[in-house]
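For reference, start_34.txt is printed below; it contains compact mmCIF, C-alpha atoms and all ligand atoms.
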```txt
# COMPACT_ATOMS: atom_id res chain seq x y z
CA MET A 1 17.66 27.45 14.03
CA PRO A 2 16.59 29.40 10.91
CA GLU A 3 12.86 30.02 10.81
CA SER A 4 12.34 27.97 7.64
CA ALA A 5 13.82 24.90 9.35
CA SER A 6 11.68 25.32 12.45
CA VAL A 7 8.56 25.67 10.30
CA ARG A 8 9.42 22.48 8.41
CA SER A 9 10.23 20.35 11.41
CA MET A 10 7.46 18.25 12.88
CA PRO A 11 7.51 16.20 16.06
CA ALA A 12 8.42 12.59 15.31
CA PRO A 13 5.69 10.04 16.00
CA PRO A 14 6.71 7.07 18.17
CA THR A 15 7.98 4.03 16.27
CA LEU A 16 5.66 1.12 15.60
CA ILE A 17 7.88 -0.64 13.04
CA SER A 18 11.51 0.41 12.71
CA GLU A 19 13.52 0.94 9.53
CA ASP A 20 15.51 -2.22 10.25
CA GLU A 21 12.36 -4.29 10.72
CA ILE A 22 10.89 -2.93 7.50
CA ARG A 23 14.10 -3.58 5.56
CA ALA A 24 14.27 -7.19 6.77
CA ARG A 25 10.60 -7.89 6.06
CA VAL A 26 10.74 -6.32 2.60
CA ALA A 27 13.74 -8.52 1.78
CA SER A 28 11.91 -11.66 2.89
CA LEU A 29 8.74 -10.67 1.00
CA ALA A 30 10.83 -10.18 -2.13
CA ALA A 31 12.32 -13.66 -1.65
CA GLU A 32 8.80 -15.13 -1.28
CA ILE A 33 7.69 -13.36 -4.45
CA ASP A 34 10.81 -14.44 -6.35
CA ALA A 35 10.05 -18.05 -5.41
CA ALA A 36 6.32 -17.83 -6.17
CA TYR A 37 6.87 -16.45 -9.68
CA ALA A 38 10.06 -18.32 -10.58
CA GLY A 39 10.07 -19.29 -14.23
CA LYS A 40 7.07 -17.10 -15.07
CA ASP A 41 7.33 -14.30 -17.58
CA GLN A 42 5.31 -11.13 -17.55
CA LEU A 43 5.09 -10.23 -13.86
CA VAL A 44 3.66 -6.77 -13.46
CA LEU A 45 3.70 -5.00 -10.12
CA ILE A 46 0.85 -2.51 -9.79
CA GLY A 47 1.38 0.01 -7.02
CA VAL A 48 -1.71 1.68 -5.56
CA LEU A 49 -1.03 5.40 -5.24
CA LYS A 50 -0.15 7.22 -3.30
CA GLY A 51 0.61 5.15 -0.25
CA SER A 52 2.50 2.28 -1.89
CA PHE A 53 5.17 4.28 -3.68
CA ILE A 54 7.98 3.79 -1.17
CA PHE A 55 7.18 0.15 -0.40
CA LEU A 56 6.93 -0.65 -4.10
CA ALA A 57 10.25 1.04 -4.85
CA ASP A 58 12.05 -0.94 -2.14
CA LEU A 59 10.30 -4.24 -2.91
CA ALA A 60 10.85 -4.03 -6.67
CA ARG A 61 14.56 -3.33 -6.22
CA ARG A 62 14.87 -6.47 -4.09
CA LEU A 63 13.29 -8.75 -6.71
CA THR A 64 15.58 -10.80 -8.90
CA ILE A 65 12.88 -12.01 -11.29
CA PRO A 66 11.96 -9.98 -14.38
CA HIS A 67 9.07 -7.59 -13.81
CA ARG A 68 7.63 -4.30 -14.89
CA VAL A 69 6.01 -1.59 -12.80
CA GLU A 70 2.67 0.15 -13.20
CA PHE A 71 0.70 2.48 -10.97
CA ILE A 72 -3.00 2.92 -10.38
CA ALA A 73 -4.72 5.58 -8.29
CA VAL A 74 -8.02 5.34 -6.48
CA SER A 75 -9.83 7.30 -3.87
CA SER A 76 -12.58 6.34 -1.50
CA TYR A 77 -15.63 8.54 -1.24
CA GLY A 78 -14.43 9.29 2.24
CA ASP A 79 -17.74 9.20 4.04
CA ARG A 80 -17.40 5.91 5.80
CA GLU A 81 -20.74 6.39 7.53
CA SER A 82 -22.74 6.89 4.34
CA GLU A 83 -24.53 4.32 2.24
CA HIS A 84 -21.55 4.62 -0.12
CA ALA A 85 -19.11 3.51 2.55
CA ASP A 86 -17.70 0.81 0.30
CA SER A 87 -17.42 3.00 -2.80
CA VAL A 88 -14.03 3.42 -4.40
CA ARG A 89 -13.36 5.62 -7.40
CA LEU A 90 -10.72 5.10 -10.09
CA LEU A 91 -8.59 8.25 -10.46
CA MET A 92 -5.83 6.95 -12.75
CA ASP A 93 -5.65 3.65 -14.59
CA VAL A 94 -2.58 1.58 -15.47
CA ARG A 95 -0.88 2.61 -18.69
CA HIS A 96 -0.66 -0.76 -20.46
CA ALA A 97 -2.96 -3.75 -20.85
CA ILE A 98 -2.49 -6.60 -18.38
CA ASP A 99 -4.20 -9.48 -20.18
CA SER A 100 -2.20 -12.72 -19.95
CA GLU A 101 0.18 -11.13 -17.44
CA HIS A 102 0.81 -12.17 -13.85
CA VAL A 103 -0.39 -9.21 -11.80
CA LEU A 104 0.70 -8.44 -8.26
CA LEU A 105 -1.19 -5.57 -6.63
CA VAL A 106 1.05 -3.75 -4.15
CA GLU A 107 -0.56 -1.84 -1.26
CA ASP A 108 0.85 -0.07 1.76
CA ILE A 109 -2.09 -0.96 3.99
CA VAL A 110 -5.32 -2.93 3.96
CA ASP A 111 -7.76 -1.40 6.38
CA THR A 112 -11.47 -2.08 5.63
CA GLY A 113 -10.51 -4.06 2.51
CA HIS A 114 -12.77 -2.04 0.18
CA THR A 115 -9.93 -0.63 -1.94
CA LEU A 116 -8.29 -3.97 -2.61
CA ALA A 117 -11.65 -5.68 -3.22
CA TYR A 118 -12.52 -3.01 -5.79
CA LEU A 119 -9.15 -3.31 -7.52
CA LYS A 120 -9.34 -7.10 -7.64
CA ARG A 121 -12.77 -6.85 -9.32
CA LEU A 122 -11.55 -4.17 -11.75
CA LEU A 123 -8.33 -5.88 -12.78
CA GLY A 124 -9.68 -9.41 -12.55
CA ALA A 125 -12.11 -8.56 -15.35
CA ARG A 126 -9.16 -7.86 -17.69
CA SER A 127 -8.08 -11.50 -18.08
CA PRO A 128 -4.70 -11.44 -16.32
CA ALA A 129 -2.87 -14.78 -16.17
CA SER A 130 -3.04 -14.45 -12.37
CA LEU A 131 -3.90 -11.76 -9.85
CA ARG A 132 -2.44 -11.68 -6.36
CA THR A 133 -1.94 -9.11 -3.63
CA CYS A 134 0.98 -7.92 -1.57
CA THR A 135 0.43 -5.53 1.30
CA LEU A 136 2.94 -4.23 3.80
CA LEU A 137 0.40 -3.69 6.59
CA HIS A 138 -2.93 -5.21 7.52
CA LYS A 139 -5.36 -4.10 10.23
CA PRO A 140 -7.59 -7.13 10.75
CA ASP A 141 -9.68 -5.36 13.41
CA ARG A 142 -11.01 -3.00 10.72
CA THR A 143 -12.01 -5.59 8.13
CA GLU A 144 -15.33 -5.00 6.40
CA GLN A 145 -14.57 -6.88 3.21
CA VAL A 146 -12.37 -9.97 3.24
CA VAL A 147 -9.73 -10.08 0.50
CA ASP A 148 -7.04 -12.73 0.09
CA LEU A 149 -3.69 -11.29 1.13
CA ASP A 150 -1.16 -13.45 -0.67
CA PHE A 151 1.96 -11.67 0.59
CA LEU A 152 1.74 -9.79 3.89
CA GLY A 153 4.38 -7.79 5.72
CA PHE A 154 2.96 -7.03 9.16
CA THR A 155 -0.35 -7.41 10.97
CA ILE A 156 -0.94 -4.35 13.12
CA PRO A 157 -3.49 -3.21 15.72
CA ASP A 158 -6.12 -0.56 14.97
CA VAL A 159 -3.90 2.48 15.44
CA TRP A 160 -3.25 5.43 13.11
CA VAL A 161 -0.03 4.70 11.26
CA VAL A 162 2.14 7.09 9.26
CA GLY A 163 5.42 6.99 7.42
CA TYR A 164 6.99 4.78 4.74
CA GLY A 165 4.35 6.06 2.30
CA LEU A 166 1.45 6.48 4.71
CA ASP A 167 0.22 9.95 5.51
CA TYR A 168 -1.90 11.97 7.84
CA ALA A 169 -3.37 14.86 5.82
CA GLU A 170 -0.40 14.46 3.40
CA ARG A 171 2.14 14.76 6.23
CA TYR A 172 4.65 12.16 7.45
CA ARG A 173 4.66 10.13 4.15
CA THR A 174 8.43 10.22 3.87
CA LEU A 175 9.27 9.24 7.42
CA PRO A 176 11.66 6.30 7.02
CA TYR A 177 9.82 4.13 9.58
CA ILE A 178 6.20 3.31 10.45
CA GLY A 179 5.08 5.54 13.30
CA GLU A 180 1.99 5.43 15.43
CA LEU A 181 0.31 8.83 15.42
CA PRO A 182 -1.21 9.57 18.82
CA PRO A 183 -4.43 11.64 18.96
CA GLU A 184 -2.59 14.75 20.20
CA MET A 185 -0.47 14.80 17.01
CA ARG A 186 -3.48 14.79 14.64
C1 LIG A 201 -5.12 4.04 1.90
C2 LIG A 201 -4.20 2.90 1.49
C3 LIG A 201 -5.10 1.97 0.74
C4 LIG A 201 -6.46 2.23 1.36
C5 LIG A 201 -6.81 1.10 2.27
O1 LIG A 201 -5.17 4.95 0.86
O2 LIG A 201 -3.13 3.36 0.72
O3 LIG A 201 -5.12 2.25 -0.64
O4 LIG A 201 -6.38 3.44 2.12
O5 LIG A 201 -8.03 1.34 2.92
P1 LIG A 201 -9.25 0.34 2.84
O6 LIG A 201 -8.74 -1.05 3.05
O7 LIG A 201 -10.13 0.81 3.99
O8 LIG A 201 -9.93 0.51 1.52
P2 LIG A 201 -5.70 6.45 1.06
O9 LIG A 201 -7.17 6.50 0.75
O10 LIG A 201 -5.29 6.93 2.41
O11 LIG A 201 -4.95 7.24 -0.07
P3 LIG A 201 -3.37 7.47 -0.28
O12 LIG A 201 -2.75 6.09 -0.49
O13 LIG A 201 -3.31 8.30 -1.50
O14 LIG A 201 -2.83 8.15 0.95
```
Show the structure stored in the file as structure tokens.
Amino acid sequence: MPESASVRSMPAPPTLISEDEIRARVASLAAEIDAAYAGKDQLVLIGVLKGSFIFLADLARRLTIPHRVEFIAVSSYGDRESEHADSVRLLMDVRHAIDSEHVLLVEDIVDTGHTLAYLKRLLGARSPASLRTCTLLHKPDRTEQVVDLDFLGFTIPDVWVVGYGLDYAERYRTLPYIGELPPEMR
């Protein structure tokens, strides 16, 4: 094997949710969303960067209803033990106004719930026609802030997940499945 290839290759984390399972669930979520917004104009999908970019791309291409796509980027302060544990910072806003539009926030994972709670407050103050959430993964054992999850792909245990948009230190994001990263691979 050439050295460059060996440097690039990483051990593959064990599968938690396979490509086939993801594909099937994304298709059924898209059908749920199609039905929920049937007859409504002005649906805007807002993907939360970076983690949602693959899920959003697959979900949006499955929708048959008219929609447009926006992105927003946030970051948490990172110190979950500090008094600012629930603080989320806006890094990049959506490009166009969302007033009078039906907004669907698209997340890869809801963990503590702080990110989605922050985004619902931020975007809810902009007079959208409606504001709902769609997340591929939810870890209920980690909930600190309860947020309504209107469309949910999978409920998962409290394990470190990577792939399909989710990273560990920016690695594994483009794995085609959701893997469970064991401690020895971190
Ligand atoms: C992840 C994920 C959510 C957030 C959920 O983003 O994409 O946005 O954490 O966590 P919470 O429910 O505890 O707030 P991350 O901060 O890892 O950034 P990334 O999407 O850019 O990887």
Next item on the list: Between A:Ser100, A:Thr135, A:Thr155, A:Gln42, single out the one closest to Leu56 of chain A, counting only C-alpha atoms.
Entry: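 Answer, going by the shortest atom-to-atom distance: A:Thr135.
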What are the nearest atom pairs, with distances in Å to one decimal, for all residues of chain A that come at most 7 Å from ligand LIG 201 (chain A), using only C-alpha atoms and all ligand atoms, set out by chain and rising residue number as CSV?
```
residue,atom,partner,partner_atom,distance
A:Val48,CA,A:LIG201,O3,6.0
A:Leu49,CA,A:LIG201,O12,5.1
A:Lys50,CA,A:LIG201,O13,3.8
A:Gly51,CA,A:LIG201,O12,3.5
A:Ser52,CA,A:LIG201,O2,6.3
A:Ser75,CA,A:LIG201,O9,5.4
A:Ser76,CA,A:LIG201,O9,5.9
A:Glu107,CA,A:LIG201,O2,6.1
A:Asp108,CA,A:LIG201,O2,5.4
A:Ile109,CA,A:LIG201,C2,5.1
A:Val110,CA,A:LIG201,O6,4.0
A:Asp111,CA,A:LIG201,O6,3.5
A:Thr112,CA,A:LIG201,O7,3.6
A:Gly113,CA,A:LIG201,O6,3.5
A:His114,CA,A:LIG201,O8,4.0
A:Thr115,CA,A:LIG201,O8,3.6
A:Leu116,CA,A:LIG201,O8,6.3
A:Leu166,CA,A:LIG201,O14,5.9
A:Asp167,CA,A:LIG201,O14,5.8
```
Next item on the list: Grab the atom CA of Asp141 of chain A to atom CA of Met10 of chain A distance for me, in Å with one decimal place.
Entry: 29.2 Å
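Neighbouring residues of Ser28 of chain A at 12 Å or closer, counting all atoms listed in the file and skipping chain neighbours under 2 positions away, are Glu21, Ile22, Arg23, Ala24, Arg25, Val26, Ala30, Ala31, Glu32, Ile33, Asp34, Ala35, Asp58, Leu59, Arg62, Leu63, Leu136, Phe151, Leu152, Gly153 and Phe154 of chain A.
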Margin query: Quick check, in Å to one decimal: how far apart do atom CA of Ile46 of chain A and atom CA of Glu180 of chain A lie?
Written below: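 Value for the atom CA of Ile46 of chain A-atom CA of Glu180 of chain A distance: 26.5 Å.
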Check: Nearest to Pro182 of chain A among A:Ala169, A:Leu91, A:Val159, A:Leu29, with distances taken over all atoms listed in the file: which residue is it?
Finding: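 Distance minimum relative to Pro182 of chain A lands on A:Val159.
Atom pair atom CA of Asp41 of chain A / atom CA of Leu105 of chain A: separated by 16.4 Å.
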Give me the residues within 12 Å of Glu184 of chain A as an mmCIF file with C-alpha atoms, in the frame of the given file, counting all atoms listed in the file and dropping any in the same chain fewer than 6 places off.
```
data_model
loop_
_atom_site.group_PDB
_atom_site.id
_atom_site.type_symbol
_atom_site.label_atom_id
_atom_site.label_comp_id
_atom_site.auth_asym_id
_atom_site.auth_seq_id
_atom_site.Cartn_x
_atom_site.Cartn_y
_atom_site.Cartn_z
ATOM 1 C CA PRO A 11 7.510 16.200 16.060
ATOM 2 C CA PRO A 13 5.690 10.040 16.000
ATOM 3 C CA TRP A 160 -3.250 5.430 13.110
#
```
Restore N, CA, C and O atoms in segment 21-39 of chain A and list the result as a PDB file, in the coordinates of the input.
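Here's the written file selection_25.pdb:
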```pdb
ATOM      1  N   GLU A  21      13.405  -3.257  10.843  1.00  0.00           N
ATOM      2  CA  GLU A  21      12.360  -4.290  10.720  1.00  0.00           C
ATOM      3  C   GLU A  21      11.726  -4.252   9.346  1.00  0.00           C
ATOM      4  O   GLU A  21      11.453  -5.298   8.743  1.00  0.00           O
ATOM      5  N   ILE A  22      11.480  -3.053   8.834  1.00  0.00           N
ATOM      6  CA  ILE A  22      10.890  -2.930   7.500  1.00  0.00           C
ATOM      7  C   ILE A  22      11.845  -3.511   6.453  1.00  0.00           C
ATOM      8  O   ILE A  22      11.441  -4.297   5.589  1.00  0.00           O
ATOM      9  N   ARG A  23      13.107  -3.121   6.552  1.00  0.00           N
ATOM     10  CA  ARG A  23      14.100  -3.580   5.560  1.00  0.00           C
ATOM     11  C   ARG A  23      14.146  -5.112   5.524  1.00  0.00           C
ATOM     12  O   ARG A  23      14.138  -5.731   4.456  1.00  0.00           O
ATOM     13  N   ALA A  24      14.183  -5.725   6.702  1.00  0.00           N
ATOM     14  CA  ALA A  24      14.270  -7.190   6.770  1.00  0.00           C
ATOM     15  C   ALA A  24      13.009  -7.842   6.206  1.00  0.00           C
ATOM     16  O   ALA A  24      13.078  -8.830   5.464  1.00  0.00           O
ATOM     17  N   ARG A  25      11.858  -7.288   6.522  1.00  0.00           N
ATOM     18  CA  ARG A  25      10.600  -7.890   6.060  1.00  0.00           C
ATOM     19  C   ARG A  25      10.445  -7.705   4.553  1.00  0.00           C
ATOM     20  O   ARG A  25       9.960  -8.600   3.858  1.00  0.00           O
ATOM     21  N   VAL A  26      10.836  -6.549   4.047  1.00  0.00           N
ATOM     22  CA  VAL A  26      10.740  -6.320   2.600  1.00  0.00           C
ATOM     23  C   VAL A  26      11.639  -7.306   1.854  1.00  0.00           C
ATOM     24  O   VAL A  26      11.253  -7.882   0.828  1.00  0.00           O
ATOM     25  N   ALA A  27      12.826  -7.557   2.412  1.00  0.00           N
ATOM     26  CA  ALA A  27      13.740  -8.520   1.780  1.00  0.00           C
ATOM     27  C   ALA A  27      13.120  -9.913   1.771  1.00  0.00           C
ATOM     28  O   ALA A  27      13.200 -10.638   0.767  1.00  0.00           O
ATOM     29  N   SER A  28      12.480 -10.307   2.875  1.00  0.00           N
ATOM     30  CA  SER A  28      11.910 -11.660   2.890  1.00  0.00           C
ATOM     31  C   SER A  28      10.662 -11.750   2.007  1.00  0.00           C
ATOM     32  O   SER A  28      10.417 -12.781   1.383  1.00  0.00           O
ATOM     33  N   LEU A  29       9.891 -10.668   1.930  1.00  0.00           N
ATOM     34  CA  LEU A  29       8.740 -10.670   1.000  1.00  0.00           C
ATOM     35  C   LEU A  29       9.236 -10.809  -0.448  1.00  0.00           C
ATOM     36  O   LEU A  29       8.643 -11.542  -1.244  1.00  0.00           O
ATOM     37  N   ALA A  30      10.292 -10.101  -0.766  1.00  0.00           N
ATOM     38  CA  ALA A  30      10.830 -10.180  -2.130  1.00  0.00           C
ATOM     39  C   ALA A  30      11.293 -11.613  -2.438  1.00  0.00           C
ATOM     40  O   ALA A  30      11.070 -12.124  -3.549  1.00  0.00           O
ATOM     41  N   ALA A  31      11.889 -12.269  -1.441  1.00  0.00           N
ATOM     42  CA  ALA A  31      12.320 -13.660  -1.650  1.00  0.00           C
ATOM     43  C   ALA A  31      11.114 -14.573  -1.857  1.00  0.00           C
ATOM     44  O   ALA A  31      11.132 -15.461  -2.716  1.00  0.00           O
ATOM     45  N   GLU A  32      10.037 -14.338  -1.106  1.00  0.00           N
ATOM     46  CA  GLU A  32       8.800 -15.130  -1.280  1.00  0.00           C
ATOM     47  C   GLU A  32       8.235 -14.920  -2.684  1.00  0.00           C
ATOM     48  O   GLU A  32       7.779 -15.863  -3.330  1.00  0.00           O
ATOM     49  N   ILE A  33       8.244 -13.681  -3.131  1.00  0.00           N
ATOM     50  CA  ILE A  33       7.690 -13.360  -4.450  1.00  0.00           C
ATOM     51  C   ILE A  33       8.566 -13.942  -5.557  1.00  0.00           C
ATOM     52  O   ILE A  33       8.082 -14.525  -6.527  1.00  0.00           O
ATOM     53  N   ASP A  34       9.882 -13.814  -5.396  1.00  0.00           N
ATOM     54  CA  ASP A  34      10.810 -14.440  -6.350  1.00  0.00           C
ATOM     55  C   ASP A  34      10.496 -15.924  -6.510  1.00  0.00           C
ATOM     56  O   ASP A  34      10.433 -16.452  -7.629  1.00  0.00           O
ATOM     57  N   ALA A  35      10.292 -16.594  -5.371  1.00  0.00           N
ATOM     58  CA  ALA A  35      10.050 -18.050  -5.410  1.00  0.00           C
ATOM     59  C   ALA A  35       8.689 -18.355  -6.035  1.00  0.00           C
ATOM     60  O   ALA A  35       8.553 -19.281  -6.841  1.00  0.00           O
ATOM     61  N   ALA A  36       7.683 -17.557  -5.687  1.00  0.00           N
ATOM     62  CA  ALA A  36       6.320 -17.830  -6.170  1.00  0.00           C
ATOM     63  C   ALA A  36       6.210 -17.659  -7.689  1.00  0.00           C
ATOM     64  O   ALA A  36       5.408 -18.335  -8.334  1.00  0.00           O
ATOM     65  N   TYR A  37       6.992 -16.743  -8.245  1.00  0.00           N
ATOM     66  CA  TYR A  37       6.870 -16.450  -9.680  1.00  0.00           C
ATOM     67  C   TYR A  37       8.068 -16.967 -10.485  1.00  0.00           C
ATOM     68  O   TYR A  37       8.228 -16.601 -11.648  1.00  0.00           O
ATOM     69  N   ALA A  38       8.864 -17.815  -9.878  1.00  0.00           N
ATOM     70  CA  ALA A  38      10.060 -18.320 -10.580  1.00  0.00           C
ATOM     71  C   ALA A  38       9.651 -18.984 -11.889  1.00  0.00           C
ATOM     72  O   ALA A  38       8.698 -19.768 -11.922  1.00  0.00           O
ATOM     73  N   GLY A  39      10.331 -18.656 -12.938  1.00  0.00           N
ATOM     74  CA  GLY A  39      10.070 -19.290 -14.230  1.00  0.00           C
ATOM     75  C   GLY A  39       8.908 -18.678 -15.001  1.00  0.00           C
ATOM     76  O   GLY A  39       8.622 -19.089 -16.130  1.00  0.00           O
TER      77      GLY A  39
END
```
